[in-house]
>>> print(open('run-v3.cif').read())   # mmCIF, C-alpha atoms
data_structure
#
loop_
_atom_site.label_atom_id
_atom_site.label_comp_id
_atom_site.auth_asym_id
_atom_site.auth_seq_id
_atom_site.Cartn_x
_atom_site.Cartn_y
_atom_site.Cartn_z
CA MET A 129 -54.45 -29.77 27.83
CA GLY A 130 -57.10 -31.33 30.02
CA MET A 131 -57.03 -31.33 33.78
CA ILE A 132 -55.73 -34.47 35.47
CA ILE A 133 -57.54 -35.20 38.72
CA ALA A 134 -56.72 -38.13 41.01
CA VAL A 135 -59.49 -39.37 43.28
CA ILE A 136 -57.79 -40.64 46.42
CA SER A 137 -58.50 -41.91 49.93
CA GLY A 138 -56.52 -43.15 52.87
CA LYS A 139 -58.14 -46.53 53.43
CA GLY A 140 -60.31 -48.47 51.04
CA GLY A 141 -64.07 -48.82 51.12
CA VAL A 142 -64.95 -45.15 51.60
CA GLY A 143 -66.74 -44.81 48.26
CA LYS A 144 -63.84 -43.70 46.10
CA THR A 145 -64.84 -45.65 43.01
CA THR A 146 -68.49 -44.59 43.34
CA ALA A 147 -67.33 -40.99 43.62
CA THR A 148 -65.09 -41.32 40.55
CA ALA A 149 -67.92 -42.76 38.43
CA ASN A 150 -70.43 -40.13 39.51
CA ILE A 151 -68.07 -37.17 39.23
CA GLY A 152 -67.01 -38.34 35.76
CA LEU A 153 -70.57 -38.78 34.61
CA GLY A 154 -71.57 -35.46 36.21
CA ILE A 155 -68.83 -33.61 34.32
CA ALA A 156 -69.91 -35.34 31.09
CA MET A 157 -73.54 -34.35 31.75
CA HIS A 158 -72.23 -30.81 32.03
CA GLY A 159 -71.15 -31.07 28.41
CA ARG A 160 -67.43 -31.57 29.03
CA LYS A 161 -65.43 -34.38 27.50
CA CYS A 162 -64.23 -36.61 30.30
CA VAL A 163 -62.43 -39.91 30.79
CA VAL A 164 -62.38 -41.98 33.98
CA VAL A 165 -59.44 -44.33 34.42
CA ASP A 166 -59.36 -47.25 36.85
CA PHE A 167 -55.86 -47.20 38.31
CA ASP A 168 -56.64 -49.78 40.96
CA ILE A 169 -54.70 -52.48 39.14
CA GLY A 170 -55.69 -56.00 40.12
CA GLN A 171 -59.06 -55.00 41.55
CA ARG A 172 -61.14 -53.65 38.67
CA ASN A 173 -64.26 -52.08 40.19
CA LEU A 174 -65.05 -49.00 38.19
CA ASP A 175 -66.35 -51.02 35.23
CA MET A 176 -69.04 -52.56 37.46
CA ILE A 177 -70.17 -49.22 38.89
CA LEU A 178 -70.45 -47.82 35.38
CA GLY A 179 -72.17 -50.96 34.09
CA LEU A 180 -69.47 -51.44 31.45
CA GLU A 181 -67.92 -54.71 32.62
CA ASN A 182 -69.06 -56.59 29.52
CA ARG A 183 -67.46 -54.14 27.16
CA VAL A 184 -63.92 -54.33 28.51
CA VAL A 185 -61.56 -55.82 25.94
CA TYR A 186 -58.27 -54.05 26.58
CA ASP A 187 -57.03 -52.50 29.82
CA LEU A 188 -54.69 -49.65 30.66
CA VAL A 189 -51.69 -51.89 31.30
CA GLN A 190 -52.01 -53.24 27.75
CA VAL A 191 -52.12 -49.66 26.46
CA MET A 192 -49.07 -48.70 28.52
CA ASP A 193 -47.21 -51.76 27.24
CA GLY A 194 -48.12 -51.01 23.64
CA GLU A 195 -50.22 -54.16 23.25
CA ALA A 196 -53.32 -52.11 22.44
CA SER A 197 -53.94 -48.58 21.23
CA LEU A 198 -55.72 -46.03 23.37
CA LYS A 199 -58.49 -45.89 20.80
CA GLN A 200 -59.03 -49.65 21.09
CA ALA A 201 -59.10 -49.58 24.90
CA LEU A 202 -61.33 -46.55 25.50
CA ILE A 203 -64.93 -47.57 26.19
CA LYS A 204 -67.78 -45.15 25.58
CA SER A 205 -70.31 -44.78 28.40
CA LYS A 206 -73.83 -46.07 27.87
CA SER A 207 -75.43 -43.05 29.50
CA ASN A 208 -73.46 -40.11 28.13
CA GLU A 209 -71.52 -39.63 24.92
CA ASN A 210 -69.01 -37.27 26.58
CA LEU A 211 -67.85 -39.93 29.01
CA TYR A 212 -65.22 -42.56 28.27
CA PHE A 213 -63.72 -45.24 30.47
CA LEU A 214 -60.37 -47.02 30.61
CA ALA A 215 -60.33 -50.29 32.59
CA ALA A 216 -57.79 -51.58 35.09
CA SER A 217 -55.96 -54.80 34.47
CA GLN A 218 -57.26 -57.70 36.51
CA THR A 219 -54.48 -60.17 36.01
CA LYS A 220 -51.40 -58.09 36.70
CA ASP A 221 -50.41 -56.57 40.01
CA LYS A 222 -49.60 -52.99 40.86
CA SER A 223 -45.86 -53.46 40.38
CA VAL A 224 -46.40 -53.11 36.62
CA LEU A 225 -46.90 -49.36 37.04
CA VAL A 226 -43.87 -47.40 35.82
CA SER A 227 -43.64 -43.60 36.01
CA SER A 228 -42.57 -43.01 32.41
CA LYS A 229 -45.39 -45.14 31.00
CA ILE A 230 -48.00 -43.51 33.22
CA LYS A 231 -46.82 -40.06 32.19
CA LYS A 232 -47.12 -40.98 28.52
CA LEU A 233 -50.63 -42.33 29.05
CA VAL A 234 -52.01 -39.39 31.03
CA ASP A 235 -50.40 -36.90 28.64
CA GLU A 236 -52.07 -38.62 25.73
CA LEU A 237 -55.42 -38.66 27.53
CA SER A 238 -55.18 -35.00 28.50
CA LEU A 239 -54.82 -34.10 24.81
CA GLN A 240 -58.12 -35.81 24.01
CA PHE A 241 -60.17 -34.99 27.10
CA GLU A 242 -60.93 -31.87 29.11
CA TYR A 243 -61.02 -33.89 32.32
CA VAL A 244 -58.94 -36.97 33.06
CA ILE A 245 -60.08 -38.57 36.31
CA LEU A 246 -57.93 -41.28 37.86
CA ASP A 247 -59.44 -43.68 40.38
CA ALA A 248 -56.44 -44.33 42.62
CA PRO A 249 -55.75 -47.35 44.83
CA ALA A 250 -56.15 -46.56 48.55
CA GLY A 251 -53.31 -44.43 49.95
CA ILE A 252 -51.98 -47.22 52.09
CA GLU A 253 -51.58 -49.53 49.09
CA SER A 254 -48.79 -49.78 46.54
CA GLY A 255 -49.62 -48.14 43.26
CA TYR A 256 -51.05 -45.10 45.01
CA GLU A 257 -47.86 -43.08 44.65
CA HIS A 258 -47.77 -43.75 40.92
CA THR A 259 -51.36 -42.68 40.37
CA ILE A 260 -50.90 -39.32 42.05
CA GLU A 261 -47.52 -38.60 40.47
CA PHE A 262 -48.77 -36.63 37.48
CA ALA A 263 -52.04 -35.27 38.81
CA ASP A 264 -52.79 -31.54 38.68
CA SER A 265 -55.19 -31.89 41.55
CA ALA A 266 -56.57 -34.48 43.92
CA ILE A 267 -60.00 -35.13 45.35
CA VAL A 268 -59.80 -36.76 48.77
CA ILE A 269 -62.75 -38.95 49.71
CA VAL A 270 -63.26 -39.31 53.43
CA ASN A 271 -65.93 -40.83 55.69
CA PRO A 272 -66.79 -39.07 58.97
CA GLU A 273 -65.04 -41.75 60.91
CA VAL A 274 -61.66 -41.82 62.72
CA SER A 275 -59.71 -44.40 60.70
CA SER A 276 -60.71 -42.88 57.38
CA ILE A 277 -59.70 -39.38 58.48
CA ARG A 278 -56.40 -40.48 59.96
CA ASP A 279 -55.41 -42.45 56.86
CA SER A 280 -56.50 -39.56 54.62
CA ASP A 281 -54.05 -37.31 56.39
CA ARG A 282 -51.27 -39.76 55.56
CA ALA A 283 -52.39 -40.04 51.94
CA ILE A 284 -52.35 -36.23 51.67
CA GLY A 285 -48.84 -36.27 53.15
CA ILE A 286 -47.65 -38.69 50.45
CA LEU A 287 -49.30 -36.53 47.80
CA ASP A 288 -47.43 -33.50 49.10
CA SER A 289 -44.07 -35.22 48.91
CA LYS A 290 -44.33 -37.47 45.84
CA SER A 291 -46.28 -35.58 43.21
CA GLN A 292 -44.34 -34.21 40.24
CA LYS A 293 -46.03 -30.83 40.57
CA VAL A 294 -44.77 -30.48 44.13
CA LYS A 295 -41.28 -31.56 43.06
CA ASP A 296 -41.42 -28.79 40.43
CA GLY A 297 -42.14 -26.28 43.18
CA GLU A 298 -45.84 -25.94 42.42
CA GLU A 299 -48.78 -26.95 44.55
CA VAL A 300 -51.26 -29.74 43.93
CA ASP A 301 -54.81 -28.52 44.47
CA LYS A 302 -56.53 -30.68 47.08
CA TYR A 303 -60.27 -30.93 47.51
CA LEU A 304 -62.24 -32.82 50.11
CA ILE A 305 -65.46 -34.75 49.68
CA ILE A 306 -67.04 -35.94 52.91
CA ASN A 307 -69.00 -39.05 52.00
CA ARG A 308 -71.62 -41.09 53.90
CA ILE A 309 -72.69 -38.37 56.30
CA ILE A 310 -75.57 -39.42 58.56
CA PRO A 311 -77.15 -36.05 59.49
CA GLU A 312 -79.06 -37.46 62.48
CA MET A 313 -75.82 -38.66 64.04
CA VAL A 314 -74.03 -35.38 63.38
CA GLN A 315 -76.93 -33.54 65.00
CA SER A 316 -76.85 -35.74 68.11
CA GLY A 317 -73.09 -35.33 68.44
CA ASP A 318 -72.25 -38.91 67.57
CA MET A 319 -70.63 -38.26 64.20
CA LEU A 320 -67.82 -35.85 63.42
CA SER A 321 -69.19 -32.73 61.74
CA SER A 322 -67.82 -31.41 58.46
CA GLU A 323 -66.30 -28.49 60.36
CA ASP A 324 -64.42 -30.88 62.66
CA ILE A 325 -63.06 -32.84 59.70
CA LEU A 326 -62.02 -29.71 57.81
CA GLU A 327 -60.26 -28.40 60.89
CA ILE A 328 -58.24 -31.60 61.14
CA LEU A 329 -57.41 -32.13 57.46
CA ASN A 330 -57.19 -28.45 56.53
CA ILE A 331 -57.97 -28.65 52.78
CA LYS A 332 -60.67 -27.08 50.61
CA LEU A 333 -64.16 -28.58 50.79
CA LEU A 334 -65.64 -29.70 47.47
CA GLY A 335 -68.83 -31.33 48.68
CA LYS A 336 -70.79 -33.24 51.28
CA VAL A 337 -72.57 -36.46 50.39
CA ALA A 338 -75.11 -38.03 52.71
CA GLU A 339 -75.35 -41.76 53.33
CA ASP A 340 -77.78 -43.06 50.72
CA LYS A 341 -79.05 -46.62 50.41
CA GLY A 342 -79.67 -45.94 46.75
CA VAL A 343 -75.90 -46.10 46.13
CA ILE A 344 -75.92 -49.87 46.64
CA GLU A 345 -78.95 -50.32 44.40
CA ALA A 346 -77.27 -48.15 41.78
CA SER A 347 -74.12 -50.27 41.91
CA ASN A 348 -76.23 -53.44 41.70
CA GLN A 349 -77.62 -52.18 38.43
CA GLY A 350 -74.53 -50.52 37.05
CA THR A 351 -76.25 -47.15 36.72
CA PRO A 352 -74.45 -44.46 38.75
CA ILE A 353 -76.60 -42.76 41.41
CA ILE A 354 -76.28 -39.38 39.69
CA LEU A 355 -78.78 -40.68 37.12
CA ASP A 356 -81.41 -41.12 39.85
CA PRO A 357 -83.24 -37.77 40.06
CA LYS A 358 -84.67 -38.56 43.50
CA SER A 359 -81.40 -39.45 45.19
CA VAL A 360 -79.81 -37.01 47.64
CA ALA A 361 -76.35 -38.47 47.00
CA GLY A 362 -76.93 -38.13 43.25
CA ALA A 363 -77.88 -34.47 43.68
CA ALA A 364 -74.76 -33.90 45.78
CA TYR A 365 -72.57 -35.39 43.02
CA LYS A 366 -74.30 -33.17 40.44
CA ARG A 367 -73.32 -30.12 42.48
CA ILE A 368 -69.77 -31.42 42.93
CA ALA A 369 -69.40 -31.94 39.16
CA ALA A 370 -70.77 -28.47 38.48
CA ARG A 371 -68.24 -26.97 40.92
CA LEU A 372 -65.43 -28.80 39.12
CA CYS A 373 -66.73 -27.29 35.86
CA GLY A 374 -66.37 -23.84 37.39
CA ASP A 375 -69.92 -23.13 38.57
CA ASN A 376 -70.19 -21.30 41.85
CA ILE A 377 -72.62 -23.41 43.87
CA PRO A 378 -72.71 -23.09 47.66
CA ILE A 379 -72.05 -26.24 49.72
CA GLN A 380 -75.24 -27.78 51.09
CA GLU A 381 -75.45 -29.45 54.47
CA PRO A 382 -77.26 -32.82 54.34
CA THR A 383 -80.44 -32.31 56.35
CA VAL A 384 -82.15 -34.46 58.95
CA ASN A 385 -85.35 -36.06 57.81
CA ASN A 386 -87.86 -34.65 60.33
CA LYS A 387 -91.02 -36.03 58.83
CA GLY A 388 -92.29 -38.38 61.52
CA LEU A 389 -93.48 -37.44 65.00
CA VAL A 390 -90.37 -38.96 66.58
CA GLY A 391 -88.19 -36.99 64.19
CA LYS A 392 -90.00 -33.77 65.06
CA LEU A 393 -89.58 -34.42 68.78
CA LYS A 394 -85.93 -35.24 68.34
CA GLY A 395 -85.52 -32.04 66.38
CA LEU A 396 -86.90 -30.06 69.32
CA PHE A 397 -84.48 -31.50 71.80
CA SER A 398 -81.22 -31.35 69.91
CA MET B 287 -79.54 -28.68 74.67
CA ASN B 288 -77.44 -29.36 77.73
CA PHE B 289 -79.46 -31.23 80.31
CA PRO B 290 -77.87 -32.25 83.60
CA TRP B 291 -78.64 -35.91 82.84
CA ASN B 292 -76.89 -35.54 79.52
CA LYS B 293 -73.40 -35.16 80.92
CA LYS B 294 -71.65 -37.95 79.03
CA ARG B 295 -69.25 -36.52 76.46
CA LYS B 296 -70.52 -36.88 72.93
CA SER B 297 -68.58 -39.45 70.97
CA ALA B 298 -67.84 -37.02 68.11
CA GLU B 299 -65.98 -34.79 70.58
CA VAL B 300 -63.97 -37.75 71.81
CA ALA B 301 -63.21 -38.70 68.21
CA LYS B 302 -61.93 -35.23 67.40
CA ASP B 303 -59.55 -35.17 70.36
CA ARG B 304 -58.25 -38.66 69.66
CA LEU B 305 -57.74 -37.86 65.98
CA ARG B 306 -55.79 -34.68 66.73
CA ILE B 307 -53.36 -36.58 68.91
CA ALA B 308 -53.08 -39.58 66.56
CA ILE B 309 -52.34 -37.39 63.54
CA MET B 310 -49.80 -35.34 65.45
CA THR B 311 -48.01 -38.53 66.51
CA ASP B 312 -48.17 -39.90 62.94
CA LYS B 313 -46.47 -36.74 61.69
CA GLN B 314 -43.73 -37.00 64.29
CA ASN B 315 -42.95 -40.50 63.19
CA ASP B 316 -42.95 -39.55 59.53
CA ASN B 317 -39.54 -38.90 58.11
CA TYR B 318 -38.80 -36.48 55.35
CA PRO B 319 -38.36 -38.31 52.03
CA PHE B 320 -34.81 -36.94 51.62
CA MET B 321 -33.54 -38.26 54.96
CA GLU B 322 -31.24 -40.98 53.60
CA ASP B 323 -29.63 -38.68 51.01
CA LEU B 324 -29.14 -35.98 53.60
CA LYS B 325 -27.43 -38.46 55.90
CA LYS B 326 -24.98 -39.49 53.19
CA ASP B 327 -24.19 -35.87 52.31
CA ILE B 328 -23.56 -34.88 55.92
CA ILE B 329 -21.25 -37.86 56.43
CA ASP B 330 -19.28 -36.78 53.35
CA VAL B 331 -18.92 -33.19 54.60
CA VAL B 332 -17.98 -34.03 58.18
CA ARG B 333 -15.55 -36.71 57.03
CA LYS B 334 -13.40 -34.04 55.41
CA TYR B 335 -12.51 -32.81 58.89
CA ILE B 336 -12.94 -35.68 61.28
CA GLU B 337 -13.69 -39.41 61.21
CA VAL B 338 -17.35 -40.22 61.69
CA GLN B 339 -18.74 -43.23 63.49
CA ASP B 340 -22.41 -42.72 62.82
CA ILE B 341 -24.98 -40.07 62.15
CA ASP B 342 -28.48 -39.97 63.50
CA ILE B 343 -31.03 -37.60 61.97
CA LYS B 344 -34.41 -37.13 63.55
CA LYS B 345 -37.42 -35.09 62.66
CA GLU B 346 -38.97 -33.53 65.73
CA CYS B 347 -42.27 -31.77 66.07
CA HIS B 348 -42.88 -29.13 68.73
CA GLY B 349 -46.44 -27.97 68.28
CA GLU B 350 -46.50 -26.01 65.01
CA PHE B 351 -42.73 -26.13 64.56
CA GLU B 352 -40.69 -28.87 62.98
CA ALA B 353 -37.04 -29.29 63.79
CA LEU B 354 -34.28 -31.42 62.38
CA SER B 355 -31.95 -32.84 64.96
CA ILE B 356 -28.62 -34.17 63.71
CA ASP B 357 -26.44 -36.19 66.02
CA VAL B 358 -22.90 -36.89 64.78
CA GLN B 359 -20.90 -39.54 66.58
CA VAL B 360 -17.19 -39.04 66.16
CA LYS B 361 -14.91 -42.07 65.95
CA GLU B 362 -12.94 -42.72 69.11
CA LYS B 363 -9.19 -42.35 68.94
#
>>> encode(input="run-v3.cif", output="structure tokens")
Amino acid sequence: MGMIIAVISGKGGVGKTTATANIGLGIAMHGRKCVVVDFDIGQRNLDMILGLENRVVYDLVQVMDGEASLKQALIKSKSNENLYFLAASQTKDKSVLVSSKIKKLVDELSLQFEYVILDAPAGIESGYEHTIEFADSAIVIVNPEVSSIRDSDRAIGILDSKSQKVKDGEEVDKYLIINRIIPEMVQSGDMLSSEDILEILNIKLLGKVAEDKGVIEASNQGTPIILDPKSVAGAAYKRIAARLCGDNIPIQEPTVNNKGLVGKLKGLFS
Amino acid sequence: MNFPWNKKRKSAEVAKDRLRIAIMTDKQNDNYPFMEDLKKDIIDVVRKYIEVQDIDIKKECHGEFEALSIDVQVKEK
């Protein structure tokens, strides 16, 4: 049975879908069979990030309702043969999600794939509770910013009370990715440090991703940033995927770019 | 470095303090998911012995400790 991982966040817009796409692709690049599922019903974003929007014929709601088979709905990634994608429905709303149908779908996926990664709706939205229900573990995406951290804490709270694993007396593994870190601001004391965030949320750290303009360019083109060998965010996602595959790679702190004279001076005085 | 002209508190520090308090308050306001069921069960038990007007259950947080406060209003004779 494959591992079911939900990628969650408190509020929207923190880079959850980007993280899902890159983690999925990273795991696939590691030689593991992986499927990423867009559970954000009604929004449909993951297909764009993966550059697969033109290949979507059937979505997961149609599979859950028996209108299409899983085989028909699964879309193979352009960039890696180990990665598959299942699209969200655009027309229906999140109320179509029913526990029994979701369980059947994720069970079926976990028989075919080593990693089943679910891109959840934001924690404050409906549909979130259903996505996390059958997950073995959750990856929390947070930005170093007060509203994101506060809402993440609530989303983790819901995870701890609503997941099936918790109801069965087990624990859901929770991992944190701190996304969009601006090292210069952390250094000058104007952005919460990773240590501060970990102290507040109190879950295991999976990775730190620096703010990277390349992410927008990557999404423009539908080629996840992990495929860009020069990108710092891409490299961070590679390490995150490797950790999820069991490699022991130490966490790297995003570093300040001290190339210019101003940067060097700033470095001296901070 | 701490220069005398650099006395203003860094905004990250302010953020951390504000977050701590906000999250603690959020948790106080959060109810346990079983609250409604618990209320019904307690009413059933107490009713065996005395008539109940209303029951109020509250989750209280005192630092690290959580407490459940149950207030049973007995029906007036």
>>> resolve_selection(input="run-v3.cif", expression="the PyMOL selection byres ((chain A and resi 256) around 10)", output="number ranges by chain")
A: 134, 136-138, 167-168, 222, 225, 247-255, 257-261, 283, 286-287
>>> interface_residues(input="run-v3.cif", of="chain B", to="chain A", cutoff="9 Å", atoms="all atoms listed in the file", output="JSON, numbers by chain")
{"B": [287, 288, 295, 296, 297, 298, 299, 301, 302, 304, 305, 306, 308, 309, 312, 313, 318, 319]}
>>> resolve_selection(input="run-v3.cif", expression="the PyMOL selection byres ((chain A and resi 159) around 12)", output="ChimeraX atom specification")
/A:152-158,160-162,208-211,241-243,369-370,373
>>> residues_around(input="run-v3.cif", residues="Val338 of chain B", least_positions_apart="6", cutoff="7 Å", atoms="all atoms listed in the file", output="list in words")
Ile329, Gln359, Val360 and Lys361 of chain B
>>> resolve_selection(input="run-v3.cif", expression="the PyMOL selection byres ((chain A and resi 307) around 9)", output="short mmCIF file (atom, residue, chain, number, x, y, z; two decimals) with C-alpha atoms, keeping the file's coordinate frame")
data_model
loop_
_atom_site.label_atom_id
_atom_site.label_comp_id
_atom_site.auth_asym_id
_atom_site.auth_seq_id
_atom_site.Cartn_x
_atom_site.Cartn_y
_atom_site.Cartn_z
CA VAL A 142 -64.95 -45.15 51.60
CA GLY A 143 -66.74 -44.81 48.26
CA ALA A 147 -67.33 -40.99 43.62
CA ILE A 269 -62.75 -38.95 49.71
CA VAL A 270 -63.26 -39.31 53.43
CA ASN A 271 -65.93 -40.83 55.69
CA PRO A 272 -66.79 -39.07 58.97
CA ILE A 305 -65.46 -34.75 49.68
CA ILE A 306 -67.04 -35.94 52.91
CA ARG A 308 -71.62 -41.09 53.90
CA ILE A 309 -72.69 -38.37 56.30
CA GLY A 335 -68.83 -31.33 48.68
CA LYS A 336 -70.79 -33.24 51.28
CA VAL A 337 -72.57 -36.46 50.39
CA ALA A 338 -75.11 -38.03 52.71
CA GLU A 339 -75.35 -41.76 53.33
CA ALA A 361 -76.35 -38.47 47.00
#
>>> closest_residue(input="run-v3.cif", among="A:Leu304, A:Leu198, A:Ala346, A:Val244", to="Ile331 of chain A", atoms="only C-alpha atoms")
A:Leu304
>>> closest_residue(input="run-v3.cif", among="B:Asp330, B:Val358, B:Lys325, B:Gln314", to="Lys345 of chain B", atoms="all atoms listed in the file")
B:Gln314
>>> atom_distance(input="run-v3.cif", atom1="atom CA of Leu202 of chain A", atom2="atom CA of Leu246 of chain A")
13.9 Å
>>> closest_residue(input="run-v3.cif", among="A:Arg172, A:Lys199, A:Lys231, A:Lys144", to="Ile132 of chain A", atoms="all atoms listed in the file")
A:Lys231
>>> residues_near_point(input="run-v3.cif", point="(-71.6, -21.1, 47.4)", cutoff="12 Å", atoms="all atoms listed in the file", output="PDB file with C-alpha atoms, keeping the file's coordinate frame")
ATOM      1  CA  LEU A 333     -64.160 -28.580  50.790  1.00  0.00           C
ATOM      2  CA  LEU A 334     -65.640 -29.700  47.470  1.00  0.00           C
ATOM      3  CA  GLY A 335     -68.830 -31.330  48.680  1.00  0.00           C
ATOM      4  CA  ARG A 367     -73.320 -30.120  42.480  1.00  0.00           C
ATOM      5  CA  ILE A 368     -69.770 -31.420  42.930  1.00  0.00           C
ATOM      6  CA  ALA A 370     -70.770 -28.470  38.480  1.00  0.00           C
ATOM      7  CA  ARG A 371     -68.240 -26.970  40.920  1.00  0.00           C
ATOM      8  CA  GLY A 374     -66.370 -23.840  37.390  1.00  0.00           C
ATOM      9  CA  ASP A 375     -69.920 -23.130  38.570  1.00  0.00           C
ATOM     10  CA  ASN A 376     -70.190 -21.300  41.850  1.00  0.00           C
ATOM     11  CA  ILE A 377     -72.620 -23.410  43.870  1.00  0.00           C
ATOM     12  CA  PRO A 378     -72.710 -23.090  47.660  1.00  0.00           C
ATOM     13  CA  ILE A 379     -72.050 -26.240  49.720  1.00  0.00           C
ATOM     14  CA  GLN A 380     -75.240 -27.780  51.090  1.00  0.00           C
ATOM     15  CA  GLU A 381     -75.450 -29.450  54.470  1.00  0.00           C
TER      16      GLU A 381
END
>>> residues_around(input="run-v3.cif", residues="Leu354 of chain B", least_positions_apart="3", cutoff="10 Å", atoms="all atoms listed in the file", output="tab-separated table (two decimals) with C-alpha atoms, in the coordinates of the input")
chain	number	residue	atom	x	y	z
B	318	TYR	CA	-38.80	-36.48	55.35
B	343	ILE	CA	-31.03	-37.60	61.97
B	344	LYS	CA	-34.41	-37.13	63.55
B	345	LYS	CA	-37.42	-35.09	62.66
B	346	GLU	CA	-38.97	-33.53	65.73
B	347	CYS	CA	-42.27	-31.77	66.07
B	357	ASP	CA	-26.44	-36.19	66.02
>>> decode(input="run-v3.cif", residues="segment 241-281 of chain A", atoms="C-alpha atoms", output="short mmCIF file (atom, residue, chain, number, x, y, z; two decimals), in the first residue's frame")
data_model
loop_
_atom_site.label_atom_id
_atom_site.label_comp_id
_atom_site.auth_asym_id
_atom_site.auth_seq_id
_atom_site.Cartn_x
_atom_site.Cartn_y
_atom_site.Cartn_z
CA PHE A 241 1.16 4.11 -6.51
CA GLU A 242 3.87 4.27 -3.85
CA TYR A 243 2.97 7.88 -3.08
CA VAL A 244 -0.50 9.39 -3.31
CA ILE A 245 -0.32 13.16 -2.83
CA LEU A 246 -3.54 15.08 -2.29
CA ASP A 247 -3.62 18.83 -2.92
CA ALA A 248 -6.17 19.91 -0.31
CA PRO A 249 -8.38 23.01 -0.33
CA ALA A 250 -7.25 25.62 2.23
CA GLY A 251 -8.02 24.65 5.83
CA ILE A 252 -10.60 27.34 6.25
CA GLU A 253 -12.61 26.10 3.26
CA SER A 254 -15.16 23.31 3.03
CA GLY A 255 -13.79 20.16 1.50
CA TYR A 256 -10.63 20.39 3.58
CA GLU A 257 -11.90 17.98 6.22
CA HIS A 258 -12.71 15.39 3.57
CA THR A 259 -9.30 15.59 1.95
CA ILE A 260 -7.43 14.97 5.17
CA GLU A 261 -9.76 12.23 6.40
CA PHE A 262 -7.82 9.27 5.02
CA ALA A 263 -4.32 10.68 4.89
CA ASP A 264 -1.43 8.85 6.58
CA SER A 265 0.48 12.07 6.88
CA ALA A 266 0.16 15.75 6.11
CA ILE A 267 2.56 18.36 4.81
CA VAL A 268 1.68 21.82 6.09
CA ILE A 269 2.72 24.70 3.84
CA VAL A 270 3.22 27.96 5.67
CA ASN A 271 4.55 31.41 4.77
CA PRO A 272 6.61 33.33 7.37
CA GLU A 273 3.75 35.68 7.95
CA VAL A 274 1.23 36.00 10.82
CA SER A 275 -2.06 35.15 9.11
CA SER A 276 -0.64 32.08 7.40
CA ILE A 277 0.85 30.75 10.64
CA ARG A 278 -2.27 31.39 12.68
CA ASP A 279 -4.54 29.68 10.14
CA SER A 280 -2.10 26.77 9.85
CA ASP A 281 -2.46 26.14 13.54
#
